[in-house]
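Just work07.csv here, CSV, C-alpha atoms and all ligand atoms:
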chain,number,residue,atom,x,y,z
A,1,MET,CA,-75.3,-40.0,-136.8
A,2,TRP,CA,-76.0,-36.2,-137.3
A,3,LEU,CA,-79.0,-36.5,-134.9
A,4,HIS,CA,-76.8,-38.1,-132.2
A,5,LEU,CA,-74.2,-35.3,-132.7
A,6,ALA,CA,-76.9,-32.6,-132.5
A,7,VAL,CA,-78.3,-34.2,-129.3
A,8,LEU,CA,-74.8,-34.3,-127.8
A,9,VAL,CA,-74.1,-30.7,-128.6
A,10,GLY,CA,-77.5,-29.7,-127.3
A,11,LEU,CA,-76.9,-31.5,-124.0
A,12,PHE,CA,-73.5,-29.9,-123.7
A,13,TYR,CA,-74.9,-26.4,-124.0
A,14,LEU,CA,-77.8,-27.3,-121.7
A,15,LEU,CA,-75.4,-28.5,-119.0
A,16,ARG,CA,-73.2,-25.5,-119.5
A,17,TRP,CA,-76.2,-23.1,-119.3
A,18,TYR,CA,-77.3,-24.8,-116.0
A,19,ARG,CA,-73.8,-24.8,-114.5
A,20,GLU,CA,-73.2,-21.1,-115.4
A,21,ARG,CA,-76.6,-19.9,-113.9
A,22,GLN,CA,-75.5,-20.8,-110.3
A,23,VAL,CA,-74.7,-17.7,-108.3
A,24,VAL,CA,-72.4,-17.4,-105.3
A,25,SER,CA,-74.2,-16.7,-102.0
A,26,HIS,CA,-73.9,-13.6,-99.7
A,27,LEU,CA,-73.1,-11.2,-102.5
A,28,ARG,CA,-74.0,-8.2,-100.4
A,29,ASP,CA,-71.1,-9.0,-98.0
A,30,LYS,CA,-68.5,-9.3,-100.8
A,31,PHE,CA,-65.9,-6.6,-101.6
A,32,VAL,CA,-64.8,-6.0,-105.2
A,33,PHE,CA,-61.9,-3.7,-106.0
A,34,ILE,CA,-61.9,-2.3,-109.6
A,35,THR,CA,-59.1,-0.2,-111.2
A,36,GLY,CA,-59.7,2.5,-113.9
A,37,CYS,CA,-63.2,3.5,-112.7
A,38,ASP,CA,-63.1,7.1,-114.1
A,39,SER,CA,-64.7,6.0,-117.4
A,40,GLY,CA,-65.5,3.1,-119.8
A,41,PHE,CA,-65.9,-0.5,-118.6
A,42,GLY,CA,-64.6,0.2,-115.1
A,43,ASN,CA,-67.0,3.0,-114.5
A,44,LEU,CA,-70.0,1.0,-115.8
A,45,LEU,CA,-69.0,-2.1,-113.8
A,46,ALA,CA,-68.7,-0.1,-110.6
A,47,ARG,CA,-72.2,1.2,-111.0
A,48,GLN,CA,-73.6,-2.2,-112.1
A,49,LEU,CA,-72.1,-4.1,-109.1
A,50,ASP,CA,-73.2,-1.3,-106.8
A,51,LEU,CA,-76.8,-1.8,-108.0
A,52,ARG,CA,-76.5,-5.5,-107.6
A,53,GLY,CA,-75.6,-4.9,-103.9
A,54,LEU,CA,-71.9,-5.8,-103.8
A,55,ARG,CA,-69.5,-3.7,-101.8
A,56,VAL,CA,-67.6,-1.8,-104.5
A,57,LEU,CA,-64.2,-0.3,-103.9
A,58,ALA,CA,-63.6,1.8,-107.0
A,59,ALA,CA,-60.1,3.1,-107.9
A,60,CYS,CA,-60.0,6.2,-110.0
A,61,LEU,CA,-57.1,7.9,-111.6
A,62,THR,CA,-58.5,11.4,-110.9
A,63,GLU,CA,-60.4,13.0,-108.0
A,64,GLN,CA,-62.9,14.4,-110.5
A,65,GLY,CA,-63.7,10.9,-111.8
A,66,ALA,CA,-64.1,9.6,-108.3
A,67,GLU,CA,-66.4,12.4,-107.3
A,68,GLN,CA,-68.6,11.9,-110.4
A,69,LEU,CA,-68.8,8.2,-109.7
A,70,ARG,CA,-69.8,8.7,-106.0
A,71,ASN,CA,-72.5,11.1,-107.1
A,72,GLN,CA,-74.0,8.4,-109.3
A,73,THR,CA,-73.9,5.5,-106.9
A,74,SER,CA,-75.1,4.4,-103.4
A,75,GLY,CA,-73.3,5.3,-100.2
A,76,ARG,CA,-72.0,1.7,-100.1
A,77,LEU,CA,-69.6,2.4,-103.0
A,78,GLN,CA,-66.2,3.9,-101.9
A,79,THR,CA,-63.5,5.4,-104.0
A,80,VAL,CA,-59.8,5.7,-103.8
A,81,ILE,CA,-57.2,7.5,-106.0
A,82,LEU,CA,-54.8,5.1,-107.8
A,83,ASP,CA,-52.2,5.4,-110.4
A,84,VAL,CA,-51.2,1.8,-111.2
A,85,THR,CA,-47.8,2.9,-112.5
A,86,LYS,CA,-46.7,4.3,-109.1
A,87,THR,CA,-45.7,1.6,-106.6
A,88,GLU,CA,-46.3,4.0,-103.6
A,89,SER,CA,-49.9,4.7,-104.9
A,90,VAL,CA,-50.5,0.9,-105.3
A,91,ALA,CA,-49.2,0.3,-101.7
A,92,ALA,CA,-51.4,3.1,-100.3
A,93,ALA,CA,-54.5,1.8,-102.1
A,94,SER,CA,-53.8,-1.8,-100.9
A,95,GLU,CA,-53.6,-0.5,-97.3
A,96,TRP,CA,-56.9,1.3,-97.9
A,97,VAL,CA,-58.5,-1.9,-99.2
A,98,LYS,CA,-57.1,-3.9,-96.3
A,99,GLU,CA,-58.6,-1.6,-93.7
A,100,ARG,CA,-62.0,-1.9,-95.4
A,101,VAL,CA,-62.2,-5.6,-96.0
A,102,GLY,CA,-60.8,-6.8,-92.7
A,103,ASP,CA,-60.9,-10.5,-92.0
A,104,ARG,CA,-63.3,-11.2,-94.8
A,105,GLY,CA,-60.6,-10.6,-97.4
A,106,LEU,CA,-61.2,-9.3,-100.9
A,107,TRP,CA,-63.7,-11.3,-103.0
A,108,GLY,CA,-62.9,-9.7,-106.4
A,109,LEU,CA,-60.0,-7.8,-107.9
A,110,VAL,CA,-60.8,-6.4,-111.4
A,111,ASN,CA,-57.6,-5.2,-113.2
A,112,ASN,CA,-59.2,-2.9,-115.8
A,113,ALA,CA,-57.1,0.3,-116.0
A,114,GLY,CA,-55.5,0.6,-119.4
A,115,ILE,CA,-54.3,3.0,-122.1
A,116,SER,CA,-53.8,2.5,-125.9
A,117,MET,CA,-51.5,5.3,-126.9
A,118,PRO,CA,-49.1,5.7,-128.5
A,119,THR,CA,-50.2,3.3,-131.2
A,120,ALA,CA,-48.3,3.4,-134.5
A,121,PRO,CA,-46.1,1.3,-136.7
A,122,ASN,CA,-43.2,0.0,-134.5
A,123,GLN,CA,-40.6,1.7,-136.6
A,124,TRP,CA,-42.0,5.2,-135.8
A,125,LEU,CA,-41.7,4.6,-132.0
A,126,THR,CA,-39.1,4.9,-129.3
A,127,LYS,CA,-38.4,2.5,-126.4
A,128,GLN,CA,-40.2,5.1,-124.1
A,129,ASP,CA,-43.4,4.8,-126.2
A,130,PHE,CA,-43.5,1.1,-125.5
A,131,VAL,CA,-42.6,1.5,-121.8
A,132,LYS,CA,-45.5,4.0,-121.4
A,133,ILE,CA,-48.2,1.4,-122.3
A,134,LEU,CA,-46.5,-1.6,-120.7
A,135,ASP,CA,-46.2,0.3,-117.5
A,136,VAL,CA,-50.0,0.8,-117.2
A,137,ASN,CA,-51.4,-2.2,-118.9
A,138,LEU,CA,-49.0,-4.9,-117.8
A,139,LEU,CA,-46.6,-3.9,-115.0
A,140,GLY,CA,-49.3,-1.8,-113.3
A,141,MET,CA,-51.6,-4.8,-113.3
A,142,ILE,CA,-48.9,-7.1,-112.0
A,143,ASP,CA,-48.1,-4.6,-109.2
A,144,VAL,CA,-51.7,-4.3,-108.1
A,145,THR,CA,-52.3,-8.0,-108.3
A,146,LEU,CA,-49.2,-9.0,-106.2
A,147,SER,CA,-50.1,-6.3,-103.7
A,148,LEU,CA,-53.7,-7.4,-103.2
A,149,LEU,CA,-53.3,-11.2,-103.6
A,150,PRO,CA,-53.0,-11.9,-99.9
A,151,LEU,CA,-56.5,-10.4,-99.4
A,152,VAL,CA,-57.9,-12.3,-102.4
A,153,ARG,CA,-56.4,-15.6,-101.1
A,154,LYS,CA,-58.1,-14.9,-97.8
A,155,ALA,CA,-61.5,-14.7,-99.4
A,156,ARG,CA,-60.8,-17.5,-101.9
A,157,GLY,CA,-62.0,-15.0,-104.4
A,158,ARG,CA,-61.5,-14.0,-108.0
A,159,VAL,CA,-59.0,-12.1,-110.1
A,160,VAL,CA,-60.5,-10.7,-113.3
A,161,ASN,CA,-58.0,-9.3,-115.8
A,162,VAL,CA,-59.0,-7.2,-118.7
A,163,SER,CA,-57.0,-8.3,-121.8
A,164,SER,CA,-58.3,-7.8,-125.4
A,165,VAL,CA,-58.7,-9.7,-128.6
A,166,MET,CA,-55.4,-7.9,-129.4
A,167,GLY,CA,-53.9,-10.2,-126.8
A,168,ARG,CA,-54.7,-13.1,-129.2
A,169,VAL,CA,-53.7,-11.6,-132.5
A,170,ALA,CA,-51.3,-8.6,-132.9
A,171,LEU,CA,-52.7,-6.5,-135.7
A,172,PHE,CA,-50.8,-3.2,-135.2
A,173,GLY,CA,-47.5,-1.9,-133.8
A,174,GLY,CA,-46.7,-0.3,-130.5
A,175,GLY,CA,-47.0,-1.5,-126.9
A,176,TYR,CA,-50.7,-2.2,-126.8
A,177,CYS,CA,-50.9,-5.7,-128.3
A,178,MET,CA,-47.7,-6.7,-126.5
A,179,SER,CA,-49.1,-5.5,-123.2
A,180,LYS,CA,-52.2,-7.6,-123.7
A,181,TYR,CA,-50.2,-10.7,-124.8
A,182,GLY,CA,-48.4,-10.1,-121.5
A,183,VAL,CA,-51.7,-10.0,-119.6
A,184,GLU,CA,-52.7,-13.3,-121.2
A,185,ALA,CA,-49.4,-15.0,-120.1
A,186,PHE,CA,-49.5,-13.5,-116.6
A,187,SER,CA,-53.1,-14.6,-116.1
A,188,ASP,CA,-52.6,-18.1,-117.5
A,189,SER,CA,-49.6,-18.8,-115.2
A,190,LEU,CA,-51.4,-17.1,-112.2
A,191,ARG,CA,-54.5,-19.2,-112.8
A,192,ARG,CA,-52.6,-22.4,-112.6
A,193,GLU,CA,-50.7,-21.2,-109.6
A,194,LEU,CA,-53.7,-20.0,-107.6
A,195,SER,CA,-55.9,-23.1,-108.4
A,196,TYR,CA,-54.2,-24.7,-105.3
A,197,PHE,CA,-55.5,-21.9,-103.1
A,198,GLY,CA,-59.1,-21.8,-104.3
A,199,VAL,CA,-58.7,-18.5,-106.2
A,200,LYS,CA,-60.0,-18.3,-109.8
A,201,VAL,CA,-58.3,-16.1,-112.4
A,202,VAL,CA,-60.5,-15.0,-115.4
A,203,LEU,CA,-59.6,-13.2,-118.6
A,204,ILE,CA,-61.9,-10.7,-120.4
A,205,GLU,CA,-61.0,-10.3,-124.1
A,206,PRO,CA,-63.3,-7.7,-125.6
A,207,GLY,CA,-63.5,-6.8,-129.2
A,208,TYR,CA,-63.7,-3.1,-130.2
A,209,PHE,CA,-66.0,-1.0,-128.0
A,210,LYS,CA,-66.6,2.7,-128.1
A,211,THR,CA,-64.6,4.2,-125.2
A,212,ALA,CA,-61.6,6.6,-124.7
A,213,VAL,CA,-59.2,3.7,-125.5
A,214,THR,CA,-60.7,3.5,-129.1
A,215,SER,CA,-61.3,7.2,-129.6
A,216,SER,CA,-60.4,7.7,-133.2
A,217,LYS,CA,-59.7,11.4,-132.6
A,218,ALA,CA,-57.2,10.7,-129.8
A,219,LEU,CA,-55.6,7.8,-131.8
A,220,SER,CA,-55.2,10.1,-134.8
A,221,GLN,CA,-53.5,12.7,-132.7
A,222,GLY,CA,-51.2,10.1,-131.2
A,223,LEU,CA,-50.4,8.7,-134.7
A,224,GLN,CA,-49.6,12.2,-136.0
A,225,ALA,CA,-47.3,12.8,-132.9
A,226,SER,CA,-45.5,9.6,-133.6
A,227,TRP,CA,-45.1,10.5,-137.2
A,228,ASN,CA,-43.7,13.9,-136.2
A,229,GLN,CA,-41.0,12.3,-134.1
A,230,ALA,CA,-40.1,9.6,-136.7
A,231,SER,CA,-36.7,10.0,-138.4
A,232,PRO,CA,-36.5,11.5,-142.0
A,233,GLU,CA,-35.5,8.0,-143.3
A,234,ILE,CA,-38.7,6.5,-141.9
A,235,LYS,CA,-40.8,9.3,-143.3
A,236,GLU,CA,-39.3,8.7,-146.7
A,237,LEU,CA,-39.9,5.0,-146.5
A,238,PHE,CA,-43.5,5.3,-145.5
A,239,GLY,CA,-44.5,8.5,-147.2
A,240,GLU,CA,-47.1,11.2,-146.3
A,241,LYS,CA,-49.8,9.3,-148.3
A,242,PHE,CA,-49.4,6.3,-145.9
A,243,LEU,CA,-50.1,8.5,-142.9
A,244,ALA,CA,-53.0,10.3,-144.7
A,245,ASN,CA,-54.6,6.9,-145.6
A,246,ILE,CA,-54.5,5.7,-142.0
A,247,LEU,CA,-55.7,9.1,-140.6
A,248,LYS,CA,-58.7,9.2,-143.0
A,249,SER,CA,-59.8,5.6,-142.0
A,250,ASP,CA,-63.1,5.8,-140.1
A,251,LEU,CA,-63.2,2.0,-139.4
A,252,LEU,CA,-63.1,2.4,-135.6
A,253,ASP,CA,-66.0,4.9,-135.6
A,254,THR,CA,-68.2,2.7,-137.7
A,255,THR,CA,-67.3,-0.7,-136.2
A,256,CYS,CA,-67.0,-0.1,-132.5
A,257,CYS,CA,-69.8,-1.5,-130.4
A,258,GLN,CA,-71.6,1.1,-128.3
A,259,ASP,CA,-73.1,-1.4,-125.8
A,260,LEU,CA,-70.4,-1.6,-123.0
A,261,SER,CA,-72.7,-3.8,-120.9
A,262,LEU,CA,-71.8,-6.7,-123.1
A,263,VAL,CA,-68.3,-6.5,-121.5
A,264,THR,CA,-69.4,-5.6,-118.0
A,265,ASP,CA,-72.0,-8.4,-118.0
A,266,CYS,CA,-69.1,-10.8,-118.6
A,267,MET,CA,-67.2,-9.2,-115.7
A,268,GLU,CA,-70.2,-9.5,-113.5
A,269,HIS,CA,-70.6,-13.1,-114.3
A,270,ALA,CA,-66.9,-13.8,-113.6
A,271,LEU,CA,-67.4,-12.3,-110.2
A,272,THR,CA,-70.8,-13.7,-109.2
A,273,ALA,CA,-71.1,-17.1,-110.9
A,274,CYS,CA,-70.2,-20.2,-108.9
A,275,HIS,CA,-68.5,-21.5,-112.1
A,276,PRO,CA,-67.0,-18.6,-114.1
A,277,ARG,CA,-65.5,-19.2,-117.5
A,278,THR,CA,-61.7,-18.9,-117.9
A,279,ARG,CA,-62.1,-16.6,-120.8
A,280,TYR,CA,-64.9,-14.3,-122.0
A,281,SER,CA,-64.8,-12.7,-125.5
A,282,PRO,CA,-67.6,-10.1,-125.6
A,283,GLY,CA,-68.4,-8.5,-128.9
A,284,TRP,CA,-69.4,-10.0,-132.3
A,285,ASP,CA,-66.1,-9.0,-133.8
A,286,ALA,CA,-64.2,-10.9,-131.1
A,287,LYS,CA,-66.3,-14.0,-131.6
A,288,LEU,CA,-66.6,-14.0,-135.4
A,289,ILE,CA,-63.3,-12.3,-136.6
A,290,TYR,CA,-60.5,-12.0,-134.2
A,291,LEU,CA,-60.7,-15.3,-132.2
A,292,PRO,CA,-61.1,-17.4,-135.4
A,293,MET,CA,-58.2,-15.4,-136.9
A,294,SER,CA,-56.0,-16.2,-133.9
A,295,TYR,CA,-56.3,-19.9,-134.7
A,296,LEU,CA,-55.3,-19.4,-138.4
A,297,PRO,CA,-51.7,-20.2,-139.6
A,298,SER,CA,-49.5,-17.1,-139.4
A,299,PHE,CA,-49.0,-16.8,-143.1
A,300,LEU,CA,-52.7,-16.4,-143.7
A,301,VAL,CA,-53.0,-13.7,-141.0
A,302,ASP,CA,-50.0,-12.0,-142.6
A,303,LEU,CA,-51.6,-12.1,-146.0
A,304,MET,CA,-54.9,-10.7,-144.6
A,305,VAL,CA,-53.1,-7.8,-143.0
A,306,TYR,CA,-51.0,-7.2,-146.1
A,307,TRP,CA,-54.0,-7.0,-148.3
A,308,THR,CA,-56.2,-4.8,-146.1
A,309,ASN,CA,-53.6,-2.3,-144.7
A,310,PRO,CA,-52.1,0.7,-146.6
A,311,GLN,CA,-48.7,0.1,-148.2
A,312,PRO,CA,-45.6,2.2,-147.4
A,313,ALA,CA,-44.4,4.4,-150.3
A,314,ARG,CA,-41.2,2.4,-150.7
A,315,ALA,CA,-42.6,-1.0,-150.3
A,316,LEU,CA,-40.8,-3.6,-152.4
B,401,LIG,N1,-62.6,-0.2,-125.6
B,401,LIG,C1,-62.2,-1.3,-126.2
B,401,LIG,O1,-62.5,-1.5,-127.3
B,401,LIG,C2,-61.3,-2.3,-125.5
B,401,LIG,C3,-61.1,-3.5,-126.1
B,401,LIG,C4,-60.3,-4.4,-125.4
B,401,LIG,C5,-59.8,-4.2,-124.2
B,401,LIG,N2,-60.0,-3.0,-123.6
B,401,LIG,C6,-59.4,-2.7,-122.3
B,401,LIG,O2,-60.4,-2.4,-121.4
B,401,LIG,C7,-59.9,-1.7,-120.3
B,401,LIG,C8,-60.7,-0.4,-120.0
B,401,LIG,O3,-60.6,0.5,-121.0
B,401,LIG,P1,-61.9,1.3,-121.6
B,401,LIG,O4,-62.1,0.8,-123.0
B,401,LIG,O5,-63.0,1.2,-120.6
B,401,LIG,O6,-61.2,2.7,-121.8
B,401,LIG,P2,-61.2,4.0,-120.7
B,401,LIG,O7,-62.5,4.6,-120.6
B,401,LIG,O8,-60.1,4.9,-121.2
B,401,LIG,O9,-60.8,3.3,-119.3
B,401,LIG,C9,-59.5,3.1,-118.9
B,401,LIG,C10,-59.4,3.7,-117.5
B,401,LIG,O10,-58.1,3.5,-117.0
B,401,LIG,C11,-57.7,4.7,-116.3
B,401,LIG,N3,-56.3,4.8,-116.3
B,401,LIG,C12,-55.4,5.2,-117.3
B,401,LIG,N4,-54.2,5.2,-116.8
B,401,LIG,C13,-54.2,4.8,-115.6
B,401,LIG,C14,-53.2,4.7,-114.5
B,401,LIG,N5,-51.9,4.9,-114.8
B,401,LIG,N6,-53.6,4.2,-113.3
B,401,LIG,C15,-54.9,4.0,-113.1
B,401,LIG,N7,-55.9,4.1,-114.0
B,401,LIG,C16,-55.5,4.5,-115.2
B,401,LIG,C17,-58.4,5.8,-117.1
B,401,LIG,O11,-58.5,7.0,-116.4
B,401,LIG,P3,-58.8,8.4,-117.1
B,401,LIG,O12,-60.1,8.2,-117.7
B,401,LIG,O13,-58.7,9.4,-116.0
B,401,LIG,O14,-57.7,8.5,-118.2
B,401,LIG,C18,-59.7,5.2,-117.4
B,401,LIG,O15,-60.6,5.4,-116.4
B,401,LIG,C19,-58.4,-1.4,-120.7
B,401,LIG,O16,-57.6,-2.3,-120.1
B,401,LIG,C20,-58.4,-1.6,-122.2
B,401,LIG,O17,-57.2,-1.9,-122.7
B,401,LIG,C21,-60.8,-2.0,-124.2
Please, can you express the file's structure as structure tokens?
Ligand SMILES: NC(=O)c1ccc[n+]([C@@H]2O[C@H](COP(=O)([O-])OP(=O)(O)OC[C@H]3O[C@@H](n4cnc5c(N)ncnc54)[C@H](OP(=O)(O)O)[C@@H]3O)[C@@H](O)[C@H]2O)c1
Amino acid sequence: MWLHLAVLVGLFYLLRWYRERQVVSHLRDKFVFITGCDSGFGNLLARQLDLRGLRVLAACLTEQGAEQLRNQTSGRLQTVILDVTKTESVAAASEWVKERVGDRGLWGLVNNAGISMPTAPNQWLTKQDFVKILDVNLLGMIDVTLSLLPLVRKARGRVVNVSSVMGRVALFGGGYCMSKYGVEAFSDSLRRELSYFGVKVVLIEPGYFKTAVTSSKALSQGLQASWNQASPEIKELFGEKFLANILKSDLLDTTCCQDLSLVTDCMEHALTACHPRTRYSPGWDAKLIYLPMSYLPSFLVDLMVYWTNPQPARAL
């Protein structure tokens, strides 16, 4: 009985391995548009796909980021300035893409741009703090996608949306987890909708990786700023010790994975494999901690968070 089971599991993985190895043809003719290429995953993916011979259209937030990227890549890679929160910037970038791809359409759209601040307990924040993150991570992604979809449909291509394991389990307050839950919902509904048109929608759900988004220095500064703006009542409820305990935690510095290629390899596979997965979860923490956690009953996750997080001063 166990032997049969082992053979079945082995066969399943063998078949999956074989299926996932098949690569789409004419990669050198395919255009891929990536947002947030100044740094982190977007920057590495742009360089990686350029090396692989694809036609990379890299959107950067700043001219400095764009110039640096152009200096590191082949003449085939082209850059454009894009702020995903500004509809006129999105419209201009879409027009720019349209002029470049022509009748071929856009093979790949990688929605990668994102921010993580301000992140703090919800009660320390204002509506505007939530709007700031949702505007980039969710509404910006939706705007870019709707704007470029006609070109992706034309190529029967791929939409690759960068979510997070925090889109599967919300472990801290602020707009970040919410925005990623939104990315998951948008991508799931879009995938079902676009299946009729030959377009595949893929989600990337990384664990923690060392980039600007997880910079403990920037996150600490943001946390301190949120604390400063919190009301006297909230400060009294949480207490200075609570803030100090979070600020002194070096968990992110010690646990973040440095190898960003684990993420960009998943993105590359999503764009170049004949049969991409629906979801990729790069990072050992995503696979071994956060995804299993997301399947646990809520009361268990609540208990784990209760036991591991600092307690507010006036906790009951
Ligand atoms: N690092 C992680 O552990 C992790 C885990 C899960 C998911 N993610 C997600 O991965 C994606 C990439 O983040 P990353 O980790 O590579 O961090 P990153 O280096 O900060 O990359 C984010 C990029 O987005 C750009 N950006 C910020 N606001 C923008 C806007 N309004 N319009 C256009 N571009 C904008 C940033 O430009 P500037 O550099 O000029 O600010 C930056 O190039 C994000 O969606 C993030 O949520 C990251």
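Closest to ligand LIG 401 (chain B) among A:Glu95, A:Asp285, A:Glu233, A:Glu268 is A:Asp285, based on only C-alpha atoms and all ligand atoms.
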Nearest-residue call for Val199 in chain A, choices A:Met1, A:Ala313, A:Leu303, A:Val152, using all atoms listed in the file | A:Val152
Quick one: residues within 10 Å of Thr145 in chain A, all atoms listed in the file counted, chain neighbours fewer than 2 positions away excluded, as a PyMOL selection string?
-> chain A and resi 90+94+109-111+139-143+147-150+152+159-161+190
Site check for ligand LIG 401 (chain B): residues at most 6 Å away, only C-alpha atoms and all ligand atoms, as a PyMOL selection string = chain A and resi 36-42+61-62+82-85+112-115+136+162-164+206-214
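With distances restricted to only C-alpha atoms, A:Arg100 is the closest residue to Val56 in chain A from A:Arg192, A:Arg100, A:Lys86, A:Arg21.
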Determine, counting only C-alpha atoms, which protein, DNA and RNA residues have an atom within 12 Å of an atom of Met304 in chain A; residues of the same chain fewer than 5 positions away are not included. Present the result as a list in words.
->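 Final neighbour list, sorted by chain and number: Leu171, Ile289, Tyr290, Met293, Leu296, Pro297, Ser298, Phe299, Asn309 and Pro310 of chain A.
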Output C-alpha atoms for every residue in the selection just made, as a CSV table (one decimal), keeping the file's coordinate frame.
chain,number,residue,atom,x,y,z
A,171,LEU,CA,-52.7,-6.5,-135.7
A,289,ILE,CA,-63.3,-12.3,-136.6
A,290,TYR,CA,-60.5,-12.0,-134.2
A,293,MET,CA,-58.2,-15.4,-136.9
A,296,LEU,CA,-55.3,-19.4,-138.4
A,297,PRO,CA,-51.7,-20.2,-139.6
A,298,SER,CA,-49.5,-17.1,-139.4
A,299,PHE,CA,-49.0,-16.8,-143.1
A,309,ASN,CA,-53.6,-2.3,-144.7
A,310,PRO,CA,-52.1,0.7,-146.6
For CA of Tyr181 in chain A and CA of Ile133 in chain A, the interatomic separation in Å (one decimal) =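 Going from CA of Tyr181 in chain A over to CA of Ile133 in chain A, I get 12.5 Å.
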Could you please determine the separation between CA of Asp103 in chain A and CA of His269 in chain A in Å, to one decimal place?
->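 The value is 24.5 Å.
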Ref. answer, residues at most 12 Å from (-40.8, 3.8, -152.2) with only C-alpha atoms, as a list in words | Glu233, Ile234, Lys235, Glu236, Leu237, Phe238, Gly239, Glu240, Lys241, Phe242, Gln311, Pro312, Ala313, Arg314, Ala315 and Leu316 of chain A
Smallest atom-to-atom distance to Gln229 in chain A: which of A:Leu54, A:Ala120, A:Ala59, A:Val24, using only C-alpha atoms?
->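 For Gln229 in chain A, the nearest of the candidates is A:Ala120.
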Taking only C-alpha atoms into account, which of A:Leu77, A:Leu291, A:Leu125, A:Ala58 comes nearest Ser231 in chain A?
->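 Selected residue with least distance to Ser231 in chain A: A:Leu125.
Going from CA of Thr278 in chain A to CA of Lys200 in chain A covers 8.3 Å.
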Please report as CSV every residue of range 207-288 of chain A lying within 12 Å of range 29-32 of chain A, along with the nearest atom pair and their distance in Å (one decimal), using all atoms listed in the file.
residue,atom,partner,partner_atom,distance
A:Met267,CA,A:Val32,CA,11.2
A:Glu268,CA,A:Val32,CA,10.5
A:Ala270,CA,A:Val32,CA,11.7
A:Leu271,CA,A:Val32,CA,8.5
A:Thr272,CA,A:Lys30,CA,9.8
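Shortest separation to Thr126 in chain A among A:Ala155, A:Ala93, A:Leu49, A:Ala230 occurs at residue A:Ala230, atoms counted being all atoms listed in the file.
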